[in-house]
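Taking it in order: structure first as structure tokens, then the write-up.
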Amino acid sequence: MIQFIEAIFENLNTWGLAVLTLIVGIAEFSLGLYGKEWNRNEKILDLACYALPRLVTRPLVAYFGLKLVPFVLPHAKDAFEWVPFFWGFVIICIYDDLTQYWYHRLHHEIPWLWRFHRTHHSASYMGMAMASRQNIIYTIFFSQTYLTVILVYLGLGYPALFAKGIKSLITKMAHSSIKWDKPFYEKKWLHPLAWILERTISTPATHHAHHADTTDDGIGYYKGNFGNMFFLWDVIFGTALITRQYPKSYGISHYEGDEWYAQLLWPLLKSSVPGSELAAHGPMVREDIQANEVEVNNTKEEVTAPLETDGIQPRFTA
């Protein structure tokens with residue numbers, strides 16, 4: 001039985017997760033959950049962001065990391081092999097996910113970092129296809145990749161295998177357009193379990209709120225809900241919003257379809273969209289825009305106006 005479980009997580013961290021992503025992605029596409037927003041440019045971007053880290057970035061980091069770490073820490077190989085599996089698993093989960101929480105949060109709170117993370121929020125849809133959608137620079141400086149290499153060298157590769165596998169499942173399913181958590185909110189007898197679940201791990205309801213294009217409806221909350229595997233960090237650090245509802249629209253209100261290569265490789269390549277945050281000489285952070293319908297002489301006309309900023313760009317907290 002143990003060998004069977006080991007095999008599942010070994011495969012999950014190699015080809016298994018890719019297959020699962022493909023299966024769920026096909027299901028989402030078949031159900032029409034992506035809509036017309038998933039055009040050619042967005043498809044290429046999602047595919048490139050999914051493939052490049054797995055085929056290039058991570059293998060290179062792992063290869064050179066396992067060459068470099070023994071040189072830097074020549075006597076530390078398997079130094080933590082004595083740590084019991086359970087505690088190794090707990091340590092890795094906390095360290096891995098807590099550092100990602102702050103890495104993610106800082107890209108929302110420090111304006112000059114925003115453009116490196118913007119690609120993940122430009123999608124006007126939620127789903128498996130965009131779960132890995134990130135600028136390559138954001139991915140390269142992702143601490144978890146280097147952490148895994150070091151932990152394997154120190155002798156915690158076995159618990160890391162399980163921790164990474166479980167985290168990958170949770171984060172993928174939190175991005176999915178399939179609202180698997182909805183029954184927990186609809187069935188009264190499941191409410192106690194829902195209360196625990198939504199405060200422990202990221203779910204579609206809490207993470208979809210982070211990808212909403214507005215906060216005006218009381219559901220969207222891109223200034224919080226930063227948790228990846230554990231939503232508990234948001235509860236602890238006061239950045240949580242739990243509504244048990246889902247935003248009606250996603251993305252960035254001022255997104256105008258920047259070219260896939262600009263979103264993937266900025267600042268190496270720039271967008272040709274005038275005024276874009278990714279364009280040459282573009283703004284560091286562009287204010288969100290909302291459309292308001294107002295009555296003027298008994299006729300309706302659409303007006304665009306900046307959201308309330310409280311003295312700072314609306315996608316950032318003071």
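Labeling convention for the structure tokens: chains A, B, ... as they appear, residues from 1 per chain, ligands from 1 in order of appearance.
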Shell around Arg244 in chain A at 8 Å using only C-alpha atoms, local window under 2 positions removed, as a PyMOL selection string
chain A and resi 182+185+205-206+242+246
Would you tabulate, counting only C-alpha atoms, all residues of range 79-106 of chain A that have an atom at most 12 Å from an atom of range 158-170 of chain A, showing the closest pair of atoms and their distance in Å to one decimal, sorted by chain then ascending number, as JSON lines?
```
{"residue": "A:Phe80", "atom": "CA", "partner": "A:Tyr158", "partner_atom": "CA", "distance": 11.3}
{"residue": "A:Glu81", "atom": "CA", "partner": "A:Tyr158", "partner_atom": "CA", "distance": 9.4}
{"residue": "A:Trp82", "atom": "CA", "partner": "A:Tyr158", "partner_atom": "CA", "distance": 11.9}
{"residue": "A:Val83", "atom": "CA", "partner": "A:Pro159", "partner_atom": "CA", "distance": 9.8}
{"residue": "A:Pro84", "atom": "CA", "partner": "A:Pro159", "partner_atom": "CA", "distance": 9.0}
{"residue": "A:Phe85", "atom": "CA", "partner": "A:Pro159", "partner_atom": "CA", "distance": 5.8}
{"residue": "A:Phe86", "atom": "CA", "partner": "A:Pro159", "partner_atom": "CA", "distance": 7.6}
{"residue": "A:Trp87", "atom": "CA", "partner": "A:Pro159", "partner_atom": "CA", "distance": 8.7}
{"residue": "A:Gly88", "atom": "CA", "partner": "A:Pro159", "partner_atom": "CA", "distance": 5.8}
{"residue": "A:Phe89", "atom": "CA", "partner": "A:Pro159", "partner_atom": "CA", "distance": 4.8}
{"residue": "A:Val90", "atom": "CA", "partner": "A:Ala163", "partner_atom": "CA", "distance": 8.2}
{"residue": "A:Ile91", "atom": "CA", "partner": "A:Pro159", "partner_atom": "CA", "distance": 9.3}
{"residue": "A:Ile92", "atom": "CA", "partner": "A:Ala160", "partner_atom": "CA", "distance": 6.5}
{"residue": "A:Cys93", "atom": "CA", "partner": "A:Ala163", "partner_atom": "CA", "distance": 5.9}
{"residue": "A:Ile94", "atom": "CA", "partner": "A:Ala163", "partner_atom": "CA", "distance": 9.7}
{"residue": "A:Tyr95", "atom": "CA", "partner": "A:Ala163", "partner_atom": "CA", "distance": 10.8}
{"residue": "A:Asp96", "atom": "CA", "partner": "A:Lys164", "partner_atom": "CA", "distance": 8.8}
{"residue": "A:Asp97", "atom": "CA", "partner": "A:Lys167", "partner_atom": "CA", "distance": 8.5}
{"residue": "A:Gln100", "atom": "CA", "partner": "A:Lys167", "partner_atom": "CA", "distance": 11.6}
```
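The gap separating CA of Ile236 in chain A from CA of Trp180 in chain A is 24.8 Å, in Å to one decimal.
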From the DSSP assignment of the backbone, select every residue of range 79-313 of chain A that is helix (DSSP H, G or I), and format the answer as an MDAnalysis selection string.
chainID A and resid 85:109 111:121 128:130 136:140 143:154 157:175 182:186 188:200 204:210 232:237 260:265
Within 12 Å of range 264-267 of chain A using only C-alpha atoms, minus same-chain residues under 5 positions, as a count of residues only
42
d(CA of Val149 in chain A, CA of Val69 in chain A) in Å:
8.4 Å
Exercise: Ser124 in chain A partners within 8 Å, only C-alpha atoms, chain neighbours under 6 positions left out, as a ChimeraX atom specification
/A:37,249-252
For C-alpha atoms, I'd like the residues from the last selection saved as a PDB file, in the first residue's frame.
```
ATOM      1  CA  GLU A  37     -11.911  35.351 -23.973  1.00  0.00           C
ATOM      2  CA  SER A 249     -15.625  38.655 -14.092  1.00  0.00           C
ATOM      3  CA  TYR A 250     -11.876  38.219 -13.835  1.00  0.00           C
ATOM      4  CA  GLY A 251      -8.640  39.830 -14.928  1.00  0.00           C
ATOM      5  CA  ILE A 252      -7.489  43.442 -15.045  1.00  0.00           C
TER       6      ILE A 252
END
```
Neighbour list for Asp234 in chain A as a PyMOL selection string, cut-off 9 Å, only C-alpha atoms, skip fewer than 4 positions in-chain
chain A and resi 101+199+224-227+230+238-241
Quick one: DSSP strand (DSSP E or B) residues in range 60-292 of chain A, as a PyMOL selection string?
chain A and resi 201+212+230+250+271+279+289-292
Identify, on the basis of only C-alpha atoms, every residue whose closest approach to Lys172 in chain A does not exceed 8 Å; exclude the query and any residue fewer than 3 positions from it along the same chain; express the result as a list in words.
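Here the answer would be Thr21, Met128, Ala131, Ser168, Leu169, His175 and Ser176 of chain A.
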Write the residues you've just listed into a file as a compact mmCIF listing (two decimals), in the first residue's frame, and include N, CA, C and O atoms for each of them.
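The resulting part-v2.txt:
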```txt
# COMPACT_ATOMS: atom_id res chain seq x y z
N THR A 21 -3.84 17.95 -15.26
CA THR A 21 -4.13 19.29 -15.76
C THR A 21 -4.81 19.23 -17.12
O THR A 21 -5.77 19.95 -17.40
N MET A 128 -7.55 25.63 -15.38
CA MET A 128 -6.28 24.93 -15.34
C MET A 128 -5.28 25.53 -16.34
O MET A 128 -4.08 25.54 -16.09
N ALA A 131 -3.34 28.45 -14.66
CA ALA A 131 -2.81 28.28 -13.30
C ALA A 131 -1.31 28.54 -13.23
O ALA A 131 -0.80 29.01 -12.22
N SER A 168 0.62 21.07 -5.26
CA SER A 168 0.29 21.24 -6.67
C SER A 168 -1.18 20.95 -6.93
O SER A 168 -1.84 21.68 -7.69
N LEU A 169 -1.71 19.92 -6.30
CA LEU A 169 -3.13 19.58 -6.47
C LEU A 169 -4.03 20.70 -5.94
O LEU A 169 -4.98 21.11 -6.61
N HIS A 175 -7.48 27.21 -8.81
CA HIS A 175 -7.58 28.01 -10.03
C HIS A 175 -8.64 27.48 -11.00
O HIS A 175 -9.03 28.19 -11.92
N SER A 176 -9.06 26.26 -10.80
CA SER A 176 -9.98 25.64 -11.75
C SER A 176 -11.30 26.41 -11.85
O SER A 176 -11.79 26.97 -10.87
```
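Pairwise distance (CA of Leu156 in chain A, CA of Asp78 in chain A) equals 7.6 Å.
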Choose the residue, out of A:Lys77, A:Val61, A:Asn39, A:Gly275, that has the smallest atom-to-atom separation from Gly155 in chain A; count only C-alpha atoms.
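Closest candidate: A:Lys77.
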Shell around Lys248 in chain A at 12 Å using only C-alpha atoms, local window under 4 positions removed, as an mmCIF file with C-alpha atoms, in the first residue's frame:
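out_38.cif was written with the following content:
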```cif
data_model
loop_
_atom_site.group_PDB
_atom_site.id
_atom_site.type_symbol
_atom_site.label_atom_id
_atom_site.label_comp_id
_atom_site.auth_asym_id
_atom_site.auth_seq_id
_atom_site.Cartn_x
_atom_site.Cartn_y
_atom_site.Cartn_z
ATOM 1 C CA SER A 124 -10.178 37.214 -17.970
ATOM 2 C CA TYR A 125 -11.015 33.600 -17.119
ATOM 3 C CA MET A 126 -10.151 31.045 -14.469
ATOM 4 C CA SER A 177 -13.157 27.075 -13.237
ATOM 5 C CA ALA A 205 -14.323 30.789 -3.903
ATOM 6 C CA HIS A 208 -11.217 33.323 -7.586
ATOM 7 C CA ALA A 209 -11.895 36.441 -5.505
ATOM 8 C CA HIS A 211 -8.422 37.151 -9.570
ATOM 9 C CA ALA A 212 -11.515 39.356 -9.852
ATOM 10 C CA ASP A 213 -11.263 42.528 -11.932
ATOM 11 C CA THR A 214 -13.037 44.673 -9.341
ATOM 12 C CA THR A 215 -13.582 44.907 -5.602
ATOM 13 C CA ASP A 216 -16.788 46.933 -5.864
ATOM 14 C CA ASP A 217 -19.119 43.945 -5.579
ATOM 15 C CA GLY A 218 -17.865 42.871 -2.152
ATOM 16 C CA ILE A 219 -16.755 39.525 -3.633
ATOM 17 C CA GLY A 220 -13.615 40.358 -5.586
#
```
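Considering the residues A:Ala123, A:Leu232, A:Leu147, A:Leu68 and counting only C-alpha atoms, Glu256 in chain A has its shortest atom-to-atom contact with A:Ala123.
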